[in-house]
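Source file: protein_10.cif; contents: mmCIF, C-alpha atoms and all ligand atoms.
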```cif
data_model
#
loop_
_atom_site.label_atom_id
_atom_site.label_comp_id
_atom_site.auth_asym_id
_atom_site.auth_seq_id
_atom_site.Cartn_x
_atom_site.Cartn_y
_atom_site.Cartn_z
CA MET A 1 29.87 -103.10 -46.29
CA GLN A 2 30.15 -102.28 -42.61
CA GLU A 3 33.47 -100.53 -41.87
CA VAL A 4 35.74 -102.25 -39.34
CA ARG A 5 37.84 -99.85 -37.26
CA ILE A 6 41.07 -101.19 -35.83
CA GLY A 7 43.51 -100.06 -33.15
CA PHE A 8 47.08 -101.35 -32.84
CA ILE A 9 49.01 -101.97 -29.62
CA GLY A 10 52.62 -102.32 -30.74
CA CYS A 11 53.74 -100.75 -34.01
CA GLY A 12 56.96 -102.64 -34.72
CA GLY A 13 58.05 -104.65 -37.74
CA ASN A 14 55.34 -107.29 -37.59
CA ALA A 15 52.53 -104.82 -36.90
CA ASN A 16 53.54 -102.88 -39.98
CA GLY A 17 52.97 -105.94 -42.14
CA HIS A 18 49.45 -106.33 -40.73
CA MET A 19 48.76 -102.61 -41.22
CA GLN A 20 49.86 -102.80 -44.84
CA ARG A 21 47.62 -105.82 -45.53
CA LEU A 22 44.67 -104.23 -43.71
CA SER A 23 45.05 -101.04 -45.73
CA ASP A 24 44.63 -103.12 -48.90
CA LEU A 25 41.30 -104.52 -47.67
CA GLU A 26 38.02 -102.84 -48.46
CA GLY A 27 36.01 -101.52 -45.52
CA VAL A 28 38.83 -101.45 -42.96
CA ARG A 29 40.25 -98.35 -41.27
CA ILE A 30 43.13 -98.14 -38.83
CA VAL A 31 42.00 -95.49 -36.34
CA GLY A 32 44.54 -95.77 -33.52
CA THR A 33 48.21 -96.73 -33.32
CA CYS A 34 49.87 -97.20 -29.92
CA ASP A 35 53.50 -97.88 -29.15
CA VAL A 36 55.60 -97.07 -26.09
CA GLN A 37 58.11 -95.70 -28.62
CA GLN A 38 56.34 -92.50 -29.62
CA GLU A 39 58.03 -92.21 -33.02
CA ARG A 40 56.74 -95.64 -34.03
CA ALA A 41 53.17 -94.77 -33.03
CA GLU A 42 53.41 -91.46 -34.87
CA SER A 43 54.94 -92.79 -38.05
CA ALA A 44 52.27 -95.51 -38.34
CA ALA A 45 49.54 -92.96 -37.57
CA GLU A 46 50.80 -90.65 -40.27
CA ARG A 47 50.89 -93.45 -42.84
CA TYR A 48 47.34 -94.63 -42.19
CA GLY A 49 45.58 -91.45 -41.06
CA ALA A 50 45.20 -92.70 -37.48
CA GLN A 51 45.59 -91.15 -34.02
CA PRO A 52 48.90 -92.00 -32.26
CA TYR A 53 49.12 -93.03 -28.57
CA THR A 54 51.89 -94.10 -26.20
CA ASN A 55 49.46 -95.58 -23.64
CA HIS A 56 47.05 -98.27 -24.84
CA ASN A 57 44.48 -97.42 -22.15
CA LEU A 58 44.04 -93.97 -23.65
CA MET A 59 43.48 -95.51 -27.07
CA LEU A 60 40.96 -97.96 -25.60
CA GLU A 61 38.87 -95.01 -24.38
CA ARG A 62 37.90 -94.31 -28.02
CA ASP A 63 34.30 -95.22 -28.74
CA ASP A 64 34.87 -96.09 -32.42
CA LEU A 65 37.01 -99.25 -32.06
CA ASP A 66 35.74 -102.58 -33.46
CA GLY A 67 38.89 -104.68 -32.96
CA ILE A 68 42.46 -104.58 -31.67
CA TYR A 69 45.78 -105.98 -32.88
CA LEU A 70 48.43 -106.71 -30.25
CA SER A 71 51.89 -107.15 -31.74
CA LEU A 72 54.19 -106.96 -28.74
CA PRO A 73 57.48 -108.41 -27.54
CA VAL A 74 56.75 -111.75 -25.89
CA PHE A 75 57.49 -110.50 -22.35
CA ALA A 76 55.02 -107.58 -22.69
CA HIS A 77 51.88 -109.73 -22.95
CA GLY A 78 49.29 -109.89 -20.18
CA GLN A 79 48.00 -106.55 -18.97
CA PRO A 80 47.40 -105.13 -22.49
CA GLU A 81 45.20 -108.16 -23.36
CA LEU A 82 43.34 -107.90 -20.02
CA ASP A 83 42.62 -104.23 -20.72
CA VAL A 84 41.33 -105.03 -24.22
CA ILE A 85 39.13 -107.80 -22.83
CA ALA A 86 37.77 -105.48 -20.12
CA ARG A 87 36.75 -103.16 -22.95
CA GLY A 88 34.96 -106.13 -24.63
CA LEU A 89 36.83 -105.88 -27.94
CA PRO A 90 37.78 -108.77 -30.24
CA PHE A 91 41.54 -109.01 -30.72
CA LEU A 92 44.25 -110.54 -32.87
CA VAL A 93 47.38 -111.19 -30.84
CA GLU A 94 50.71 -112.27 -32.24
CA LYS A 95 52.26 -115.59 -31.36
CA PRO A 96 53.54 -116.79 -28.97
CA VAL A 97 50.80 -115.59 -26.62
CA ALA A 98 53.00 -115.18 -23.53
CA VAL A 99 56.37 -115.86 -21.99
CA ASN A 100 54.91 -118.26 -19.41
CA MET A 101 51.75 -120.27 -18.68
CA GLU A 102 50.61 -118.09 -15.75
CA ILE A 103 50.03 -115.09 -18.01
CA ALA A 104 48.52 -117.21 -20.78
CA ARG A 105 46.03 -118.92 -18.42
CA GLN A 106 45.02 -115.59 -16.86
CA VAL A 107 44.27 -114.11 -20.29
CA GLU A 108 42.56 -117.31 -21.45
CA GLU A 109 40.27 -117.26 -18.43
CA ALA A 110 39.33 -113.62 -19.07
CA VAL A 111 38.72 -114.37 -22.79
CA ASN A 112 36.42 -117.27 -21.93
CA ALA A 113 34.52 -115.25 -19.33
CA ALA A 114 34.03 -112.35 -21.78
CA GLY A 115 33.18 -114.63 -24.73
CA ILE A 116 34.98 -112.42 -27.23
CA ILE A 117 36.44 -113.31 -30.64
CA THR A 118 40.20 -113.93 -30.54
CA CYS A 119 42.71 -114.83 -33.21
CA VAL A 120 46.38 -115.71 -32.68
CA GLY A 121 48.92 -114.98 -35.42
CA TYR A 122 49.52 -118.58 -36.53
CA GLN A 123 48.90 -117.48 -40.09
CA LEU A 124 50.41 -120.62 -41.68
CA ARG A 125 47.21 -122.47 -40.82
CA TYR A 126 45.39 -120.43 -43.50
CA LEU A 127 47.75 -121.32 -46.36
CA GLY A 128 46.22 -123.29 -49.21
CA SER A 129 49.08 -125.81 -48.88
CA THR A 130 48.17 -126.37 -45.24
CA GLN A 131 44.54 -127.04 -46.02
CA LEU A 132 45.59 -129.43 -48.84
CA ALA A 133 47.91 -131.24 -46.43
CA ARG A 134 45.03 -131.67 -43.98
CA GLN A 135 42.90 -133.17 -46.76
CA VAL A 136 45.67 -135.62 -47.71
CA LEU A 137 46.19 -136.65 -44.09
CA ASP A 138 42.50 -136.93 -43.22
CA GLU A 139 41.78 -140.37 -41.72
CA LYS A 140 45.38 -141.49 -42.42
CA THR A 141 47.78 -142.96 -39.88
CA VAL A 142 50.84 -140.76 -39.52
CA ASN A 143 53.99 -142.71 -38.67
CA ILE A 144 56.47 -139.95 -38.08
CA VAL A 145 56.82 -136.19 -38.53
CA ILE A 146 60.08 -134.29 -38.81
CA GLY A 147 59.98 -130.50 -38.45
CA LYS A 148 62.75 -128.04 -39.09
CA TYR A 149 63.25 -124.34 -38.41
CA TRP A 150 66.77 -123.36 -39.41
CA SER A 151 67.27 -119.63 -39.68
CA GLY A 152 69.84 -116.93 -39.03
CA SER A 153 67.53 -114.98 -36.74
CA GLY A 154 69.82 -115.36 -33.74
CA ARG A 155 72.35 -113.20 -35.55
CA GLY A 156 72.08 -109.42 -35.19
CA ASP A 157 71.79 -107.12 -32.17
CA PRO A 158 72.37 -109.31 -29.08
CA ASN A 159 70.54 -106.71 -26.94
CA SER A 160 67.25 -106.94 -28.82
CA TRP A 161 64.42 -108.55 -26.82
CA GLN A 162 64.23 -111.41 -29.35
CA ARG A 163 67.73 -112.63 -28.39
CA GLN A 164 67.29 -112.55 -24.61
CA MET A 165 65.97 -115.74 -23.04
CA SER A 166 63.96 -114.01 -20.29
CA ARG A 167 62.26 -111.66 -22.75
CA SER A 168 61.52 -113.92 -25.73
CA GLY A 169 62.01 -117.50 -24.54
CA GLY A 170 64.54 -118.00 -27.35
CA GLN A 171 63.97 -119.63 -30.71
CA ILE A 172 61.83 -122.57 -29.51
CA LEU A 173 59.31 -120.17 -28.02
CA GLU A 174 59.49 -117.05 -30.17
CA GLN A 175 60.03 -118.46 -33.63
CA ALA A 176 59.72 -122.24 -33.91
CA THR A 177 56.34 -121.96 -32.20
CA HIS A 178 55.08 -121.75 -35.80
CA THR A 179 56.50 -125.17 -36.65
CA ILE A 180 55.25 -126.67 -33.38
CA ASP A 181 51.81 -125.25 -34.11
CA MET A 182 51.85 -126.76 -37.62
CA MET A 183 52.86 -130.14 -36.18
CA ARG A 184 49.83 -129.95 -33.89
CA TYR A 185 47.54 -128.74 -36.66
CA LEU A 186 48.56 -131.43 -39.15
CA VAL A 187 49.40 -134.39 -36.93
CA GLY A 188 47.69 -133.97 -33.54
CA GLU A 189 48.28 -133.08 -29.93
CA VAL A 190 51.64 -133.67 -28.25
CA GLU A 191 51.78 -135.57 -24.99
CA GLU A 192 55.43 -135.49 -23.99
CA VAL A 193 58.72 -133.98 -25.16
CA TYR A 194 62.39 -134.56 -24.55
CA ALA A 195 64.80 -131.86 -25.69
CA ILE A 196 68.48 -131.06 -25.80
CA SER A 197 69.91 -127.66 -26.62
CA ALA A 198 73.29 -126.11 -27.22
CA ASN A 199 74.88 -122.76 -27.76
CA ARG A 200 77.42 -123.61 -30.43
CA VAL A 201 78.15 -120.39 -32.29
CA LEU A 202 76.30 -117.33 -30.99
CA LYS A 203 78.21 -116.96 -27.74
CA GLU A 204 77.12 -113.32 -27.37
CA ILE A 205 73.49 -114.30 -26.58
CA ASP A 206 72.11 -116.29 -23.63
CA CYS A 207 69.71 -118.38 -25.78
CA PRO A 208 70.56 -121.82 -27.15
CA ASP A 209 71.27 -121.44 -30.86
CA ASN A 210 70.50 -125.08 -31.69
CA ASN A 211 67.71 -127.27 -30.32
CA CYS A 212 66.55 -130.81 -30.86
CA VAL A 213 63.12 -131.88 -29.56
CA THR A 214 61.70 -135.41 -29.58
CA MET A 215 57.90 -135.56 -29.40
CA GLN A 216 55.39 -138.21 -28.44
CA PHE A 217 51.97 -137.45 -29.93
CA THR A 218 48.77 -138.53 -28.20
CA ASN A 219 47.70 -140.51 -31.29
CA GLY A 220 50.93 -142.55 -31.19
CA THR A 221 52.89 -140.66 -33.84
CA VAL A 222 56.52 -139.96 -33.01
CA GLY A 223 58.15 -136.72 -34.11
CA SER A 224 61.15 -134.52 -33.90
CA LEU A 225 61.86 -130.85 -34.39
CA THR A 226 65.29 -129.41 -34.96
CA THR A 227 65.88 -125.68 -34.83
CA SER A 228 68.87 -123.51 -35.47
CA TRP A 229 69.26 -119.79 -35.01
CA SER A 230 72.84 -119.70 -36.21
CA TYR A 231 72.29 -120.61 -39.86
CA ASP A 232 72.66 -118.26 -42.86
CA SER A 233 70.32 -115.25 -42.42
CA GLY A 234 69.76 -115.14 -46.17
CA ASP A 235 68.34 -118.65 -46.60
CA TRP A 236 64.78 -119.28 -45.43
CA SER A 237 64.30 -122.51 -47.38
CA HIS A 238 64.90 -124.65 -44.26
CA ALA A 239 62.59 -122.62 -42.02
CA ASN A 240 59.17 -124.01 -41.21
CA VAL A 241 59.30 -127.24 -43.16
CA LEU A 242 57.75 -130.59 -42.28
CA ASP A 243 58.20 -134.08 -43.64
CA ILE A 244 55.23 -136.24 -42.73
CA LEU A 245 55.35 -139.95 -43.41
CA TYR A 246 51.85 -141.42 -43.42
CA GLU A 247 51.23 -145.10 -44.06
CA ASN A 248 53.63 -145.82 -46.97
CA GLN A 249 53.50 -142.29 -48.44
CA LEU A 250 55.16 -138.98 -47.72
CA ILE A 251 54.34 -135.29 -47.84
CA HIS A 252 56.72 -132.39 -47.62
CA TRP A 253 54.95 -129.26 -46.36
CA GLY A 254 56.47 -125.80 -46.48
CA VAL A 255 55.45 -122.17 -46.57
CA GLY A 256 55.88 -122.23 -50.36
CA GLY A 257 53.72 -125.27 -51.09
CA LEU A 258 53.15 -128.94 -50.65
CA ASP A 259 54.84 -131.94 -52.29
CA VAL A 260 52.82 -135.11 -52.10
CA ARG A 261 54.35 -138.47 -52.95
CA GLU A 262 51.57 -140.58 -54.38
CA ASP A 263 52.41 -144.10 -55.56
CA GLY A 264 56.00 -143.24 -56.42
CA GLU A 265 55.26 -139.90 -58.11
CA VAL A 266 55.92 -136.57 -56.39
CA VAL A 267 53.20 -134.04 -57.17
CA SER A 268 53.60 -130.36 -56.18
CA LYS A 269 50.39 -128.70 -55.07
CA THR A 270 49.39 -125.18 -54.08
CA ALA A 271 46.07 -123.48 -53.54
CA PRO A 272 45.05 -119.95 -52.65
CA GLY A 273 44.13 -119.15 -49.07
CA PRO A 274 42.94 -116.03 -47.27
CA SER A 275 45.31 -113.88 -45.21
CA ILE A 276 44.83 -114.04 -41.45
CA ASP A 277 43.90 -110.34 -41.58
CA GLU A 278 41.02 -111.01 -44.00
CA VAL A 279 39.74 -113.79 -41.75
CA PHE A 280 39.97 -111.72 -38.56
CA VAL A 281 38.32 -108.61 -40.02
CA ASP A 282 35.55 -110.71 -41.52
CA ALA A 283 34.98 -112.39 -38.14
CA VAL A 284 34.78 -109.00 -36.41
CA ARG A 285 32.39 -107.65 -39.07
CA ARG A 286 30.06 -110.66 -38.80
CA GLY A 287 30.50 -111.11 -35.06
CA ASP A 288 31.31 -114.76 -35.79
CA GLY A 289 34.71 -116.29 -35.02
CA SER A 290 34.01 -119.73 -36.50
CA LYS A 291 36.47 -119.33 -39.43
CA ILE A 292 39.35 -118.41 -37.14
CA LEU A 293 41.69 -121.39 -37.04
CA SER A 294 43.72 -120.43 -33.98
CA PRO A 295 41.68 -118.86 -31.20
CA TYR A 296 43.47 -117.94 -27.97
CA SER A 297 42.81 -121.15 -26.04
CA ASP A 298 44.12 -123.29 -28.90
CA ALA A 299 47.31 -121.20 -29.15
CA VAL A 300 47.97 -121.75 -25.44
CA LYS A 301 48.48 -125.46 -26.29
CA SER A 302 51.28 -124.56 -28.71
CA LEU A 303 52.87 -122.36 -26.05
CA ALA A 304 52.84 -125.23 -23.56
CA ILE A 305 54.86 -127.43 -25.94
CA SER A 306 57.60 -124.81 -26.32
CA LEU A 307 57.76 -124.30 -22.56
CA ALA A 308 57.91 -128.06 -21.99
CA ALA A 309 60.78 -128.36 -24.49
CA ILE A 310 62.70 -125.56 -22.78
CA GLN A 311 62.15 -127.17 -19.37
CA SER A 312 63.28 -130.54 -20.70
CA SER A 313 66.46 -129.11 -22.19
CA GLU A 314 67.23 -127.46 -18.85
CA THR A 315 66.52 -130.48 -16.64
CA GLY A 316 67.60 -133.27 -18.98
CA ALA A 317 64.35 -135.16 -18.32
CA PRO A 318 61.29 -135.79 -20.52
CA VAL A 319 58.42 -133.39 -19.73
CA SER A 320 54.73 -134.17 -20.13
CA ILE A 321 52.71 -131.30 -21.59
CA SER A 322 50.02 -131.69 -18.92
CA SER A 323 52.60 -130.91 -16.21
CA ILE A 324 53.28 -127.49 -17.70
CA GLY A 325 50.17 -125.85 -16.26
N1 LIG A 401 53.19 -114.27 -37.24
C1 LIG A 401 54.41 -114.06 -37.69
O1 LIG A 401 54.84 -114.64 -38.66
C2 LIG A 401 55.32 -113.09 -36.98
C3 LIG A 401 56.42 -112.55 -37.65
C4 LIG A 401 57.24 -111.67 -36.94
C5 LIG A 401 56.95 -111.36 -35.60
N2 LIG A 401 55.87 -111.92 -35.00
C6 LIG A 401 55.55 -111.63 -33.61
O2 LIG A 401 55.07 -110.30 -33.50
C7 LIG A 401 55.40 -109.77 -32.23
C8 LIG A 401 56.15 -108.46 -32.43
O3 LIG A 401 57.35 -108.73 -33.14
P1 LIG A 401 58.12 -107.56 -33.92
O4 LIG A 401 59.16 -108.24 -34.73
O5 LIG A 401 57.18 -106.66 -34.57
O6 LIG A 401 58.83 -106.82 -32.68
P2 LIG A 401 59.21 -105.28 -32.57
O7 LIG A 401 60.15 -105.17 -31.42
O8 LIG A 401 59.61 -104.77 -33.91
O9 LIG A 401 57.81 -104.60 -32.21
C9 LIG A 401 57.22 -104.65 -30.94
C10 LIG A 401 56.75 -103.24 -30.62
O10 LIG A 401 55.97 -103.27 -29.42
C11 LIG A 401 56.25 -102.07 -28.71
N3 LIG A 401 55.82 -102.22 -27.32
C12 LIG A 401 56.39 -102.90 -26.30
N4 LIG A 401 55.62 -102.84 -25.19
C13 LIG A 401 54.52 -102.11 -25.52
C14 LIG A 401 53.35 -101.73 -24.82
N5 LIG A 401 53.14 -102.08 -23.54
N6 LIG A 401 52.44 -100.98 -25.46
C15 LIG A 401 52.61 -100.61 -26.75
N7 LIG A 401 53.71 -100.96 -27.47
C16 LIG A 401 54.64 -101.71 -26.87
C17 LIG A 401 57.75 -101.87 -28.90
O11 LIG A 401 58.14 -100.54 -28.62
C18 LIG A 401 57.90 -102.27 -30.36
O12 LIG A 401 57.78 -101.17 -31.23
C19 LIG A 401 56.21 -110.86 -31.53
O13 LIG A 401 55.34 -111.63 -30.74
C20 LIG A 401 56.71 -111.72 -32.66
O14 LIG A 401 56.95 -113.05 -32.27
C21 LIG A 401 55.04 -112.77 -35.67
#
```

Show me the file's structure as structure tokens.
Amino acid sequence: MQEVRIGFIGCGGNANGHMQRLSDLEGVRIVGTCDVQQERAESAAERYGAQPYTNHNLMLERDDLDGIYLSLPVFAHGQPELDVIARGLPFLVEKPVAVNMEIARQVEEAVNAAGIITCVGYQLRYLGSTQLARQVLDEKTVNIVIGKYWSGSGRGDPNSWQRQMSRSGGQILEQATHTIDMMRYLVGEVEEVYAISANRVLKEIDCPDNNCVTMQFTNGTVGSLTTSWSYDSGDWSHANVLDILYENQLIHWGVGGLDVREDGEVVSKTAPGPSIDEVFVDAVRRGDGSKILSPYSDAVKSLAISLAAIQSSETGAPVSISSIG
């Protein structure tokens, strides 16, 4: 099996999860770890037998790289991706792809011009329960979808980049982008949103801690997403859940599985699915990105919905997704 050699730009909490999963895969080697915090680059390098860097351009000079992971704070996207693209390397970048549309469109244009394989970290698309939900909904008319992301992630250090609006975009952009992406993946494209937001509890941060978004889908479905960042940090059972009413039936989708109501009976279903890391590495090895479910240009559409919701909550007016840029 051809070995796939990976470099990391960003070695924080999320990157470490990817590194761990990659190290469990056959035929994968992490050869470079880069972080502007030297100790993070070094500690990852030590764990995986890689070379540490504090400047990604130095790492990109290596001639043994097959693919790159970018796991950066949301505000740091843009130039690192452009440098990876200039080097012609496939990359997996974490969601959300940018803090604004200007950066996302610039990277998207460079990706398209270079024709490289890209994968964005919307890993919930690969779950068996997600694929089962798509089968159930195939050719069905969806009436309404209700999404929820209630977490305690707004609690904690108020100075971290995640809890600063200008650096992360707040919960709707940084975290509930997963739920928005699942609504798109299972129900269809969104045409317009209207949102209201409030800061009810977490007065120490400048992000709304509760958001309510009404969505008009292109196919006629109506939807809503509610998010909270001020819930109990220990309970994740209300994070990333969807209720989808189709025709006269209902499914409840969640990270843990799928409940399908079929003729009055609720049936719980799960199925195995590959990890996003397996899919990306396989795509790099084969030089074929067709099994990647969220390439860069698709992920930009999820970003636009978050940005539209934020704009709507700030202006008080509905915002069409096409006006976002
Ligand atoms: N897919 C998922 O389920 C999931 C889960 C958690 C986080 N994430 C995403 O992963 C990304 C990273 O989140 P995190 O929790 O690991 O954050 P983090 O702050 O722990 O890690 C980010 C790291 O990037 C480093 N960094 C910043 N600028 C850099 C640069 N120019 N070059 C190299 N390193 C740089 C920081 O020093 C930090 O170590 C975010 O986009 C987040 O939304 C995704």

* To do: Please identify all polymer residues within 8 Å of region 7-15 of chain A, counting only C-alpha atoms, omitting same-chain residues fewer than 6 positions from it, and present them as a ChimeraX atom specification.
  => /A:30-36,40-41,44,56,59,65,67-72,80

Filtering to C-alpha atoms, could you give me those residues as a short mmCIF file (atom, residue, chain, number, x, y, z; two decimals), keeping the file's coordinate frame?
```cif
data_model
loop_
_atom_site.label_atom_id
_atom_site.label_comp_id
_atom_site.auth_asym_id
_atom_site.auth_seq_id
_atom_site.Cartn_x
_atom_site.Cartn_y
_atom_site.Cartn_z
CA ILE A 30 43.13 -98.14 -38.83
CA VAL A 31 42.00 -95.49 -36.34
CA GLY A 32 44.54 -95.77 -33.52
CA THR A 33 48.21 -96.73 -33.32
CA CYS A 34 49.87 -97.20 -29.92
CA ASP A 35 53.50 -97.88 -29.15
CA VAL A 36 55.60 -97.07 -26.09
CA ARG A 40 56.74 -95.64 -34.03
CA ALA A 41 53.17 -94.77 -33.03
CA ALA A 44 52.27 -95.51 -38.34
CA HIS A 56 47.05 -98.27 -24.84
CA MET A 59 43.48 -95.51 -27.07
CA LEU A 65 37.01 -99.25 -32.06
CA GLY A 67 38.89 -104.68 -32.96
CA ILE A 68 42.46 -104.58 -31.67
CA TYR A 69 45.78 -105.98 -32.88
CA LEU A 70 48.43 -106.71 -30.25
CA SER A 71 51.89 -107.15 -31.74
CA LEU A 72 54.19 -106.96 -28.74
CA PRO A 80 47.40 -105.13 -22.49
#
```

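Among the candidates A:Ala283, A:Gly147, A:Glu108, A:Asp277, the one nearest to Asp24 (chain A) when counting only C-alpha atoms is A:Asp277.
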
* To do: Choose the residue, out of A:Val267, A:Ser23, A:Leu245, A:Ser233, that has the smallest atom-to-atom separation from Gly152 (chain A); count only C-alpha atoms.
  => A:Ser233

* Structure fact -> Separating CA of Gly156 (chain A) from CA of Ile305 (chain A), to the nearest tenth of an Å, is a gap of 26.6 Å

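Separating CA of Asp243 (chain A) from CA of Ala98 (chain A) is a distance of 28.1 Å.
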
* Asked: So which residues touch Gly234 (chain A) within 12 Å, counting all atoms listed in the file, skipping near sequence neighbours fewer than 4 positions away, as a PyMOL selection string?
  -> chain A and resi 150-153+155+230+238-239

* In the coordinates of the file, take the point (44.4, -125.9, -50.8) and a cut-off of 7 Å; then, counting all atoms listed in the file, name each qualifying protein, DNA or RNA residue as a ChimeraX atom specification. => /A:128-132,270-273

* **Residue with smallest distance to Ser197 (chain A) - pool A:Ala309, A:Met1, A:Ile146, A:Met165, counting all atoms listed in the file** => A:Ala309

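Each of A:Lys148, A:Arg184, A:Arg105, A:Arg261 was checked against Gln171 (chain A) using only C-alpha atoms; the smallest atom-to-atom distance is that of A:Lys148.
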
* Polymer residues at most 12 Å from (28.4, -111.2, -24.0) by all atoms listed in the file, as an MDAnalysis selection string -> chainID A and resid 85:90 111:117 287

* To do: Work out how far CA of Glu265 (chain A) is from CA of Thr141 (chain A), in Å to one decimal.
  => 19.9 Å

* Structure fact -> Of A:His18, A:Arg29, A:Arg200, A:His178, the one sitting nearest Leu242 (chain A) when using all atoms listed in the file is A:His178

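The shortest atom-to-atom distance to ligand LIG 401 (chain A), with all atoms listed in the file taken into account, belongs to A:Val99 out of A:Ala195, A:Val136, A:Leu202, A:Val99.
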
* Quick one: everything within 12 Å of Leu25 (chain A), counting all atoms listed in the file, minus sequence neighbours fewer than 4 positions away in the same chain. Send it as a ChimeraX atom specification. => /A:1,3-5,18-21,29-30,274-282

Report the centre and edge lengths, in Å to one decimal, of an axis-aligned box enclosing every atom of region 314-325 of chain A listed in the file, padded by 5 Å on each side, as JSON.
```
{"center_x": 58.8, "center_y": -130.8, "center_z": -18.9, "size_x": 27.6, "size_y": 19.9, "size_z": 15.4}
```

* **Contact residues around Asp259 (chain A) with all atoms listed in the file at 9 Å, ignoring same-chain residues under 3 positions, as a PyMOL selection string** => chain A and resi 250-254+266-270

Would you save the residues from that selection as a PDB file, in the coordinates of the input, using C-alpha atoms?
```
ATOM      1  CA  LEU A 250      55.160-138.980 -47.720  1.00  0.00           C
ATOM      2  CA  ILE A 251      54.340-135.290 -47.840  1.00  0.00           C
ATOM      3  CA  HIS A 252      56.720-132.390 -47.620  1.00  0.00           C
ATOM      4  CA  TRP A 253      54.950-129.260 -46.360  1.00  0.00           C
ATOM      5  CA  GLY A 254      56.470-125.800 -46.480  1.00  0.00           C
ATOM      6  CA  VAL A 266      55.920-136.570 -56.390  1.00  0.00           C
ATOM      7  CA  VAL A 267      53.200-134.040 -57.170  1.00  0.00           C
ATOM      8  CA  SER A 268      53.600-130.360 -56.180  1.00  0.00           C
ATOM      9  CA  LYS A 269      50.390-128.700 -55.070  1.00  0.00           C
ATOM     10  CA  THR A 270      49.390-125.180 -54.080  1.00  0.00           C
TER      11      THR A 270
END
```

Mind filling out region 249-253 of chain A with all heavy atoms and sending it as a tab-separated table (two decimals), in the coordinates of the input?
```
chain	number	residue	atom	x	y	z
A	249	GLN	N	53.34	-143.48	-47.59
A	249	GLN	CA	53.50	-142.29	-48.44
A	249	GLN	C	54.11	-141.16	-47.63
A	249	GLN	O	54.26	-141.25	-46.41
A	249	GLN	CB	52.13	-141.86	-49.02
A	249	GLN	CG	51.41	-142.94	-49.80
A	249	GLN	CD	52.12	-143.31	-51.10
A	249	GLN	OE1	53.11	-142.70	-51.49
A	249	GLN	NE2	51.63	-144.34	-51.77
A	250	LEU	N	54.41	-140.06	-48.34
A	250	LEU	CA	55.16	-138.98	-47.72
A	250	LEU	C	54.67	-137.64	-48.24
A	250	LEU	O	54.40	-137.50	-49.44
A	250	LEU	CB	56.64	-139.16	-48.11
A	250	LEU	CG	57.67	-138.20	-47.58
A	250	LEU	CD1	57.81	-138.31	-46.06
A	250	LEU	CD2	59.03	-138.51	-48.23
A	251	ILE	N	54.53	-136.66	-47.35
A	251	ILE	CA	54.34	-135.29	-47.84
A	251	ILE	C	55.42	-134.41	-47.26
A	251	ILE	O	55.92	-134.63	-46.16
A	251	ILE	CB	52.94	-134.69	-47.52
A	251	ILE	CG1	52.69	-134.57	-46.03
A	251	ILE	CG2	51.84	-135.45	-48.20
A	251	ILE	CD1	51.37	-133.84	-45.72
A	252	HIS	N	55.78	-133.42	-48.05
A	252	HIS	CA	56.72	-132.39	-47.62
A	252	HIS	C	55.94	-131.09	-47.64
A	252	HIS	O	55.51	-130.64	-48.70
A	252	HIS	CB	57.92	-132.33	-48.57
A	252	HIS	CG	58.88	-131.24	-48.23
A	252	HIS	ND1	59.81	-131.35	-47.21
A	252	HIS	CD2	59.04	-130.00	-48.73
A	252	HIS	CE1	60.50	-130.23	-47.12
A	252	HIS	NE2	60.05	-129.39	-48.03
A	253	TRP	N	55.71	-130.50	-46.46
A	253	TRP	CA	54.95	-129.26	-46.36
A	253	TRP	C	55.92	-128.11	-46.09
A	253	TRP	O	56.88	-128.25	-45.33
A	253	TRP	CB	53.93	-129.36	-45.20
A	253	TRP	CG	53.26	-128.04	-44.93
A	253	TRP	CD1	52.11	-127.59	-45.48
A	253	TRP	CD2	53.73	-127.01	-44.05
A	253	TRP	NE1	51.83	-126.32	-45.01
A	253	TRP	CE2	52.80	-125.95	-44.13
A	253	TRP	CE3	54.85	-126.87	-43.22
A	253	TRP	CZ2	52.96	-124.77	-43.39
A	253	TRP	CZ3	54.99	-125.70	-42.50
A	253	TRP	CH2	54.05	-124.68	-42.59
```
